[in-house]
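**Q** Next comes input-v1.txt, compact mmCIF, N, CA, C and O atoms:
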```txt
# COMPACT_ATOMS: atom_id res chain seq x y z
N GLN A 951 -35.34 171.13 -103.63
CA GLN A 951 -35.69 171.06 -105.03
C GLN A 951 -36.54 169.83 -105.29
O GLN A 951 -36.52 168.88 -104.53
N GLN A 952 -37.24 169.84 -106.40
CA GLN A 952 -38.07 168.70 -106.77
C GLN A 952 -37.42 167.90 -107.88
O GLN A 952 -36.61 168.42 -108.65
N GLY A 953 -37.81 166.64 -107.96
CA GLY A 953 -37.30 165.77 -109.01
C GLY A 953 -38.17 164.54 -109.13
O GLY A 953 -39.09 164.34 -108.34
N LEU A 954 -37.88 163.73 -110.15
CA LEU A 954 -38.60 162.48 -110.31
C LEU A 954 -37.72 161.47 -111.01
O LEU A 954 -36.87 161.82 -111.83
N PHE A 955 -37.91 160.21 -110.64
CA PHE A 955 -37.22 159.12 -111.30
C PHE A 955 -38.04 158.70 -112.51
O PHE A 955 -39.27 158.79 -112.51
N PHE A 956 -37.35 158.24 -113.53
CA PHE A 956 -38.00 157.65 -114.69
C PHE A 956 -37.16 156.48 -115.15
O PHE A 956 -35.97 156.40 -114.85
N TYR A 957 -37.80 155.56 -115.85
CA TYR A 957 -37.08 154.37 -116.29
C TYR A 957 -37.61 153.90 -117.63
O TYR A 957 -38.67 154.33 -118.09
N GLY A 958 -36.88 153.01 -118.27
CA GLY A 958 -37.28 152.42 -119.53
C GLY A 958 -36.77 150.99 -119.63
O GLY A 958 -35.94 150.55 -118.82
N ILE A 959 -37.27 150.27 -120.64
CA ILE A 959 -36.87 148.87 -120.83
C ILE A 959 -36.25 148.64 -122.20
O ILE A 959 -36.04 147.51 -122.61
N ASN A 960 -35.93 149.73 -122.92
CA ASN A 960 -35.37 149.59 -124.26
C ASN A 960 -33.89 149.93 -124.33
O ASN A 960 -33.36 150.23 -125.39
N GLY A 961 -33.22 149.89 -123.20
CA GLY A 961 -31.77 150.07 -123.19
C GLY A 961 -31.31 151.49 -122.95
O GLY A 961 -32.10 152.41 -122.86
N PRO A 962 -29.99 151.64 -122.89
CA PRO A 962 -29.39 152.95 -122.62
C PRO A 962 -29.16 153.75 -123.90
O PRO A 962 -29.20 153.21 -125.01
N LYS A 963 -28.93 155.03 -123.73
CA LYS A 963 -28.49 155.93 -124.80
C LYS A 963 -27.74 157.07 -124.14
O LYS A 963 -27.62 157.11 -122.92
N ALA A 964 -27.23 158.02 -124.91
CA ALA A 964 -26.50 159.15 -124.34
C ALA A 964 -26.74 160.39 -125.20
O ALA A 964 -25.94 160.74 -126.04
N ASP A 965 -27.88 161.06 -124.97
CA ASP A 965 -28.21 162.29 -125.69
C ASP A 965 -27.92 163.48 -124.78
O ASP A 965 -28.34 163.50 -123.63
N PRO A 966 -27.19 164.50 -125.30
CA PRO A 966 -26.92 165.68 -124.48
C PRO A 966 -28.21 166.32 -123.98
O PRO A 966 -29.21 166.35 -124.68
N TRP A 967 -28.17 166.82 -122.76
CA TRP A 967 -29.32 167.46 -122.13
C TRP A 967 -28.90 168.85 -121.69
O TRP A 967 -27.96 169.01 -120.95
N GLY A 968 -29.57 169.85 -122.14
CA GLY A 968 -29.25 171.23 -121.78
C GLY A 968 -27.80 171.58 -122.01
O GLY A 968 -26.98 170.97 -121.60
N ALA A 969 -27.38 172.33 -122.89
CA ALA A 969 -25.98 172.77 -123.08
C ALA A 969 -24.94 171.72 -122.69
O ALA A 969 -23.87 172.04 -122.21
N SER A 970 -25.27 170.44 -122.88
CA SER A 970 -24.35 169.31 -122.60
C SER A 970 -23.87 169.27 -121.16
O SER A 970 -22.77 168.80 -120.89
N THR A 971 -24.68 169.74 -120.23
CA THR A 971 -24.29 169.67 -118.83
C THR A 971 -24.63 168.31 -118.22
O THR A 971 -24.13 167.96 -117.17
N SER A 972 -25.50 167.57 -118.88
CA SER A 972 -25.81 166.20 -118.47
C SER A 972 -26.34 165.46 -119.69
O SER A 972 -26.47 166.04 -120.77
N PHE A 973 -26.64 164.18 -119.52
CA PHE A 973 -27.08 163.35 -120.64
C PHE A 973 -28.35 162.59 -120.31
O PHE A 973 -28.50 162.09 -119.19
N LEU A 974 -29.25 162.49 -121.29
CA LEU A 974 -30.42 161.64 -121.18
C LEU A 974 -29.96 160.24 -121.55
O LEU A 974 -29.51 160.00 -122.67
N CYS A 975 -30.04 159.32 -120.60
CA CYS A 975 -29.43 157.99 -120.78
C CYS A 975 -30.44 156.85 -120.85
O CYS A 975 -30.05 155.69 -120.77
N VAL A 976 -31.74 157.14 -120.96
CA VAL A 976 -32.76 156.11 -120.99
C VAL A 976 -33.56 156.25 -122.27
O VAL A 976 -34.10 157.32 -122.56
N LYS A 977 -33.65 155.16 -123.05
CA LYS A 977 -34.42 155.19 -124.30
C LYS A 977 -35.92 155.18 -124.03
O LYS A 977 -36.39 154.59 -123.07
N SER A 978 -36.66 155.82 -124.92
CA SER A 978 -38.13 155.81 -124.85
C SER A 978 -38.65 154.44 -125.24
O SER A 978 -37.98 153.71 -125.96
N PRO A 979 -39.86 154.09 -124.83
CA PRO A 979 -40.76 154.89 -124.00
C PRO A 979 -40.29 154.89 -122.55
O PRO A 979 -39.61 153.97 -122.09
N LEU A 980 -40.66 155.94 -121.83
CA LEU A 980 -40.28 156.12 -120.44
C LEU A 980 -41.48 155.99 -119.53
O LEU A 980 -42.59 156.35 -119.91
N GLU A 981 -41.23 155.53 -118.33
CA GLU A 981 -42.25 155.52 -117.28
C GLU A 981 -41.78 156.50 -116.22
O GLU A 981 -40.67 156.36 -115.68
N ARG A 982 -42.59 157.50 -115.93
CA ARG A 982 -42.24 158.48 -114.91
C ARG A 982 -42.84 158.05 -113.57
O ARG A 982 -43.98 157.62 -113.50
N MET A 983 -42.05 158.23 -112.53
CA MET A 983 -42.51 157.92 -111.19
C MET A 983 -42.92 159.25 -110.53
O MET A 983 -42.73 160.30 -111.11
N GLY A 984 -43.46 159.22 -109.33
CA GLY A 984 -43.97 160.42 -108.67
C GLY A 984 -42.91 161.46 -108.36
O GLY A 984 -41.76 161.15 -108.14
N VAL A 985 -43.36 162.72 -108.33
CA VAL A 985 -42.49 163.85 -107.97
C VAL A 985 -42.13 163.75 -106.49
O VAL A 985 -42.97 163.43 -105.66
N GLN A 986 -40.87 164.03 -106.19
CA GLN A 986 -40.36 164.02 -104.82
C GLN A 986 -39.69 165.35 -104.53
O GLN A 986 -39.28 166.06 -105.44
N THR A 987 -39.55 165.66 -103.26
CA THR A 987 -38.81 166.85 -102.85
C THR A 987 -37.49 166.40 -102.25
O THR A 987 -37.44 165.50 -101.41
N MET A 988 -36.40 167.03 -102.70
CA MET A 988 -35.07 166.73 -102.21
C MET A 988 -34.72 167.74 -101.12
O MET A 988 -34.93 168.94 -101.31
N PHE A 989 -34.23 167.25 -100.00
CA PHE A 989 -33.83 168.14 -98.93
C PHE A 989 -32.32 168.08 -98.79
O PHE A 989 -31.72 167.04 -98.92
N GLY A 990 -31.72 169.22 -98.54
CA GLY A 990 -30.28 169.33 -98.37
C GLY A 990 -29.94 170.80 -98.16
O GLY A 990 -30.78 171.67 -98.36
N ALA A 991 -28.72 171.08 -97.79
CA ALA A 991 -28.29 172.45 -97.58
C ALA A 991 -28.01 173.12 -98.93
O ALA A 991 -27.32 172.55 -99.76
N PRO A 992 -28.57 174.31 -99.16
CA PRO A 992 -28.33 175.01 -100.43
C PRO A 992 -26.85 175.18 -100.73
O PRO A 992 -26.06 175.50 -99.84
N GLY A 993 -26.48 174.92 -101.98
CA GLY A 993 -25.11 175.10 -102.43
C GLY A 993 -24.13 174.02 -102.01
O GLY A 993 -22.95 174.13 -102.25
N THR A 994 -24.60 172.96 -101.36
CA THR A 994 -23.68 171.92 -100.88
C THR A 994 -23.78 170.61 -101.65
O THR A 994 -22.98 169.72 -101.41
N CYS A 995 -24.76 170.46 -102.52
CA CYS A 995 -24.94 169.23 -103.30
C CYS A 995 -25.06 168.00 -102.41
O CYS A 995 -24.52 166.94 -102.72
N ASN A 996 -25.75 168.12 -101.28
CA ASN A 996 -25.86 166.99 -100.38
C ASN A 996 -27.29 166.44 -100.28
O ASN A 996 -27.60 165.66 -99.40
N GLY A 997 -28.17 166.83 -101.20
CA GLY A 997 -29.53 166.31 -101.21
C GLY A 997 -29.57 164.91 -101.79
O GLY A 997 -28.65 164.46 -102.46
N SER A 998 -30.66 164.20 -101.51
CA SER A 998 -30.80 162.86 -102.07
C SER A 998 -32.28 162.52 -102.24
O SER A 998 -33.14 163.11 -101.61
N MET A 999 -32.53 161.56 -103.12
CA MET A 999 -33.87 161.02 -103.36
C MET A 999 -33.73 159.52 -103.50
O MET A 999 -32.67 159.01 -103.88
N ALA A 1000 -34.80 158.81 -103.20
CA ALA A 1000 -34.79 157.35 -103.32
C ALA A 1000 -36.17 156.89 -103.73
O ALA A 1000 -37.17 157.59 -103.52
N VAL A 1001 -36.24 155.70 -104.33
CA VAL A 1001 -37.51 155.12 -104.73
C VAL A 1001 -37.44 153.61 -104.53
O VAL A 1001 -36.38 153.01 -104.71
N ASP A 1002 -38.55 153.02 -104.16
CA ASP A 1002 -38.66 151.57 -104.06
C ASP A 1002 -39.29 151.10 -105.37
O ASP A 1002 -40.51 151.18 -105.55
N PHE A 1003 -38.47 150.64 -106.29
CA PHE A 1003 -38.93 150.28 -107.62
C PHE A 1003 -39.98 149.17 -107.59
O PHE A 1003 -41.01 149.27 -108.26
N LEU A 1004 -39.75 148.13 -106.83
CA LEU A 1004 -40.70 147.02 -106.77
C LEU A 1004 -42.04 147.46 -106.20
O LEU A 1004 -43.10 147.03 -106.68
N ALA A 1005 -42.03 148.34 -105.21
CA ALA A 1005 -43.29 148.85 -104.65
C ALA A 1005 -44.02 149.69 -105.71
O ALA A 1005 -45.24 149.61 -105.83
N PHE A 1006 -43.28 150.49 -106.48
CA PHE A 1006 -43.91 151.29 -107.53
C PHE A 1006 -44.60 150.40 -108.55
O PHE A 1006 -45.75 150.59 -108.89
N VAL A 1007 -43.87 149.40 -109.05
CA VAL A 1007 -44.44 148.51 -110.07
C VAL A 1007 -45.63 147.74 -109.49
O VAL A 1007 -46.63 147.55 -110.17
N ASP A 1008 -45.52 147.34 -108.23
CA ASP A 1008 -46.60 146.58 -107.59
C ASP A 1008 -47.89 147.40 -107.45
O ASP A 1008 -48.98 146.85 -107.53
N THR A 1009 -47.76 148.70 -107.27
CA THR A 1009 -48.94 149.54 -107.06
C THR A 1009 -49.42 150.25 -108.32
O THR A 1009 -50.38 151.01 -108.28
N HIS A 1010 -48.75 150.04 -109.44
CA HIS A 1010 -49.13 150.66 -110.72
C HIS A 1010 -49.32 149.54 -111.75
O HIS A 1010 -48.36 149.14 -112.42
N GLY A 1011 -50.55 149.06 -111.86
CA GLY A 1011 -50.86 147.91 -112.69
C GLY A 1011 -50.45 148.01 -114.15
O GLY A 1011 -50.19 147.01 -114.80
N ASN A 1012 -50.38 149.22 -114.69
CA ASN A 1012 -50.01 149.40 -116.10
C ASN A 1012 -48.58 149.91 -116.26
O ASN A 1012 -48.23 150.44 -117.31
N ALA A 1013 -47.76 149.76 -115.23
CA ALA A 1013 -46.38 150.26 -115.29
C ALA A 1013 -45.60 149.58 -116.41
O ALA A 1013 -45.78 148.39 -116.68
N LEU A 1014 -44.75 150.34 -117.03
CA LEU A 1014 -43.88 149.83 -118.09
C LEU A 1014 -43.06 148.66 -117.55
O LEU A 1014 -42.48 148.75 -116.47
N GLY A 1015 -43.02 147.56 -118.29
CA GLY A 1015 -42.24 146.40 -117.87
C GLY A 1015 -43.02 145.42 -117.02
O GLY A 1015 -42.50 144.38 -116.63
N ARG A 1016 -44.26 145.73 -116.75
CA ARG A 1016 -45.08 144.82 -115.94
C ARG A 1016 -45.84 143.88 -116.84
O ARG A 1016 -46.40 144.33 -117.83
N PRO A 1017 -45.91 142.60 -116.59
CA PRO A 1017 -45.34 141.93 -115.41
C PRO A 1017 -43.82 141.80 -115.53
O PRO A 1017 -43.28 141.69 -116.62
N LEU A 1018 -43.16 141.82 -114.39
CA LEU A 1018 -41.70 141.67 -114.36
C LEU A 1018 -41.33 140.23 -114.66
O LEU A 1018 -42.06 139.31 -114.31
N PHE A 1019 -40.19 140.05 -115.32
CA PHE A 1019 -39.71 138.69 -115.57
C PHE A 1019 -38.19 138.66 -115.48
O PHE A 1019 -37.52 139.68 -115.73
N ALA A 1020 -37.66 137.51 -115.12
CA ALA A 1020 -36.21 137.33 -114.98
C ALA A 1020 -35.54 137.60 -116.31
O ALA A 1020 -36.01 137.17 -117.35
N GLY A 1021 -34.45 138.34 -116.27
CA GLY A 1021 -33.68 138.66 -117.47
C GLY A 1021 -34.05 139.98 -118.10
O GLY A 1021 -33.34 140.47 -118.98
N GLU A 1022 -35.15 140.59 -117.68
CA GLU A 1022 -35.55 141.89 -118.23
C GLU A 1022 -34.57 142.96 -117.74
O GLU A 1022 -34.19 142.99 -116.58
N VAL A 1023 -34.16 143.85 -118.65
CA VAL A 1023 -33.17 144.88 -118.34
C VAL A 1023 -33.86 146.23 -118.23
O VAL A 1023 -34.63 146.61 -119.11
N PHE A 1024 -33.56 146.96 -117.16
CA PHE A 1024 -34.12 148.28 -116.91
C PHE A 1024 -32.99 149.31 -116.86
O PHE A 1024 -31.88 149.00 -116.43
N ALA A 1025 -33.29 150.52 -117.31
CA ALA A 1025 -32.38 151.66 -117.15
C ALA A 1025 -33.20 152.75 -116.48
O ALA A 1025 -34.37 152.95 -116.79
N ALA A 1026 -32.60 153.46 -115.52
CA ALA A 1026 -33.32 154.50 -114.78
C ALA A 1026 -32.41 155.71 -114.55
O ALA A 1026 -31.19 155.60 -114.57
N GLN A 1027 -33.08 156.84 -114.31
CA GLN A 1027 -32.36 158.09 -114.13
C GLN A 1027 -33.24 159.04 -113.32
O GLN A 1027 -34.45 158.86 -113.22
N LEU A 1028 -32.64 160.07 -112.76
CA LEU A 1028 -33.35 161.08 -111.98
C LEU A 1028 -33.29 162.41 -112.71
O LEU A 1028 -32.22 162.87 -113.11
N TRP A 1029 -34.45 163.04 -112.91
CA TRP A 1029 -34.54 164.41 -113.41
C TRP A 1029 -34.81 165.29 -112.19
O TRP A 1029 -35.63 164.94 -111.35
N TYR A 1030 -34.11 166.41 -112.08
CA TYR A 1030 -34.32 167.27 -110.92
C TYR A 1030 -34.11 168.73 -111.28
O TYR A 1030 -33.41 169.07 -112.22
N ARG A 1031 -34.75 169.59 -110.49
CA ARG A 1031 -34.61 171.03 -110.69
C ARG A 1031 -33.25 171.48 -110.18
O ARG A 1031 -32.78 171.06 -109.14
N ASP A 1032 -32.62 172.35 -110.99
CA ASP A 1032 -31.32 172.92 -110.64
C ASP A 1032 -31.29 174.32 -111.24
O ASP A 1032 -30.81 174.50 -112.36
N PRO A 1033 -31.85 175.32 -110.54
CA PRO A 1033 -32.00 176.66 -111.12
C PRO A 1033 -30.76 177.26 -111.77
O PRO A 1033 -30.88 177.91 -112.80
N PRO A 1034 -29.53 177.05 -111.26
CA PRO A 1034 -28.37 177.66 -111.93
C PRO A 1034 -27.98 177.00 -113.26
O PRO A 1034 -27.23 177.57 -114.04
N SER A 1035 -28.47 175.80 -113.56
CA SER A 1035 -28.07 175.11 -114.79
C SER A 1035 -28.74 175.76 -116.01
O SER A 1035 -29.76 176.43 -115.87
N PRO A 1036 -28.19 175.55 -117.21
CA PRO A 1036 -28.72 176.20 -118.42
C PRO A 1036 -30.21 175.97 -118.68
O PRO A 1036 -30.91 176.86 -119.12
N LYS A 1037 -30.74 174.77 -118.41
CA LYS A 1037 -32.16 174.49 -118.62
C LYS A 1037 -32.95 174.55 -117.31
O LYS A 1037 -34.11 174.18 -117.28
N THR A 1038 -32.32 174.98 -116.25
CA THR A 1038 -32.86 175.01 -114.88
C THR A 1038 -33.20 173.61 -114.35
O THR A 1038 -33.83 173.48 -113.31
N THR A 1039 -32.80 172.58 -115.07
CA THR A 1039 -32.95 171.20 -114.62
C THR A 1039 -31.70 170.42 -114.99
O THR A 1039 -30.92 170.85 -115.84
N MET A 1040 -31.52 169.29 -114.34
CA MET A 1040 -30.38 168.42 -114.63
C MET A 1040 -30.85 166.97 -114.61
O MET A 1040 -31.93 166.66 -114.10
N LEU A 1041 -30.00 166.09 -115.12
CA LEU A 1041 -30.24 164.65 -115.08
C LEU A 1041 -29.08 164.00 -114.34
O LEU A 1041 -27.92 164.36 -114.56
N SER A 1042 -29.39 163.04 -113.49
CA SER A 1042 -28.36 162.30 -112.76
C SER A 1042 -27.64 161.33 -113.70
O SER A 1042 -28.05 161.15 -114.86
N ASN A 1043 -26.62 160.69 -113.19
CA ASN A 1043 -26.07 159.54 -113.88
C ASN A 1043 -27.16 158.48 -113.91
O ASN A 1043 -28.06 158.47 -113.07
N ALA A 1044 -27.09 157.58 -114.86
CA ALA A 1044 -28.11 156.53 -114.97
C ALA A 1044 -27.63 155.24 -114.32
O ALA A 1044 -26.44 155.05 -114.11
N VAL A 1045 -28.59 154.37 -114.04
CA VAL A 1045 -28.28 153.02 -113.56
C VAL A 1045 -28.99 152.02 -114.47
O VAL A 1045 -29.99 152.35 -115.10
N GLN A 1046 -28.43 150.84 -114.55
CA GLN A 1046 -29.04 149.76 -115.33
C GLN A 1046 -28.97 148.49 -114.50
O GLN A 1046 -27.98 148.25 -113.81
N TRP A 1047 -30.05 147.69 -114.54
CA TRP A 1047 -30.06 146.43 -113.81
C TRP A 1047 -30.86 145.40 -114.55
O TRP A 1047 -31.69 145.72 -115.39
N THR A 1048 -30.60 144.15 -114.23
CA THR A 1048 -31.32 143.02 -114.81
C THR A 1048 -32.12 142.34 -113.70
O THR A 1048 -31.58 142.06 -112.63
N MET A 1049 -33.40 142.09 -113.97
CA MET A 1049 -34.25 141.42 -112.99
C MET A 1049 -33.79 139.98 -112.80
O MET A 1049 -33.48 139.30 -113.78
N LEU A 1050 -33.75 139.55 -111.57
CA LEU A 1050 -33.40 138.18 -111.23
C LEU A 1050 -34.66 137.44 -110.79
O LEU A 1050 -35.63 138.06 -110.36
N PRO A 1051 -34.65 136.09 -110.88
CA PRO A 1051 -35.83 135.34 -110.45
C PRO A 1051 -36.07 135.46 -108.95
O PRO A 1051 -35.26 135.78 -108.19
```
Mind turning this structure into structure tokens?

**A**
Amino acid sequence: QQGLFFYGINGPKADPWGASTSFLCVKSPLERMGVQTMFGAPGTCNGSMAVDFLAFVDTHGNALGRPLFAGEVFAAQLWYRDPPSPKTTMLSNAVQWTMLP
């Protein structure tokens, strides 16, 4: 399946996504990262995706939150295709972190 990471710098939220099967947890504006393909065995929920956030920001001069500074708070989440779900897509749990010097 395909998916993409996205992030924001305006804090978390919790809006239901598709028949309340998951939640949109990142406030707008959002920065979308590139589409990835997840590999795993069908029906086993063992696929995974990863992103190097610092490499993304370093190679995208107009990326949200750039330039980075200590104390800046980011929230990120993964959107991915899930054909059996009500909207045929799902959202992962979100993560939040604070940039350190």

**Q** Pull the strand (DSSP E or B) assignments for chain A out of DSSP run on the backbone, and list those residues as a ChimeraX atom specification.

**A** /A:952-958,962-967,972-976,981-987,989,998,1023-1031,1039-1041,1045-1048

**Q** In Å, rounded to a single decimal, give me how far atom N of Met1049 in chain A is from CA of Gly1021 in chain A.

**A**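 Pair CA of Gly1021 in chain A / atom N of Met1049 in chain A returns 4.9 Å.
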
**Q** Given the choices A:Ser998, A:Ser972, A:Gln951, A:Gln986, which gets closest to Ala1044 in chain A if the distance is worked out from only C-alpha atoms?

**A**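 Using only C-alpha atoms, Ala1044 in chain A sits closest to A:Ser972.
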
**Q** Find, counting all atoms listed in the file, the residue in A:Val1045, A:Thr1039, A:Pro1033, A:Phe955 that gets nearest to Val985 in chain A.

**A**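 Among the listed residues, A:Phe955 lies closest to Val985 in chain A.
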
**Q** Given the choices A:Pro992, A:Gly968, A:Gly984, A:Gly953, which gets closest to His1010 in chain A if the distance is worked out from only C-alpha atoms?

**A**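 Going through A:Pro992, A:Gly968, A:Gly984, A:Gly953 one by one, the smallest distance to His1010 in chain A is for A:Gly984.
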
**Q** Give the answer as one residue: which of A:Thr1038, A:Thr1048, A:Thr1009, A:Thr987 has the shortest atom-to-atom distance to Leu954 in chain A, using all atoms listed in the file?

**A** A:Thr987

**Q** My list of candidates is A:Asn1012, A:Ala1026, A:Asn960, A:Pro1034. Which is closest to Gln1046 in chain A when distances are computed with all atoms listed in the file?

**A** A:Ala1026

**Q** As JSON, what would the box around range 952-966 of chain A look like: edges along x, y and z, 4 Å added on every side, centre and edge lengths in Å to one decimal?

**A**
```
{"center_x": -32.6, "center_y": 158.7, "center_z": -116.2, "size_x": 21.3, "size_y": 30.3, "size_z": 27.6}
```

**Q** How far is it from CA of Asn1043 in chain A to atom C of Gly961 in chain A, in Å with one decimal?

**A**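 A separation of 13.2 Å between them.
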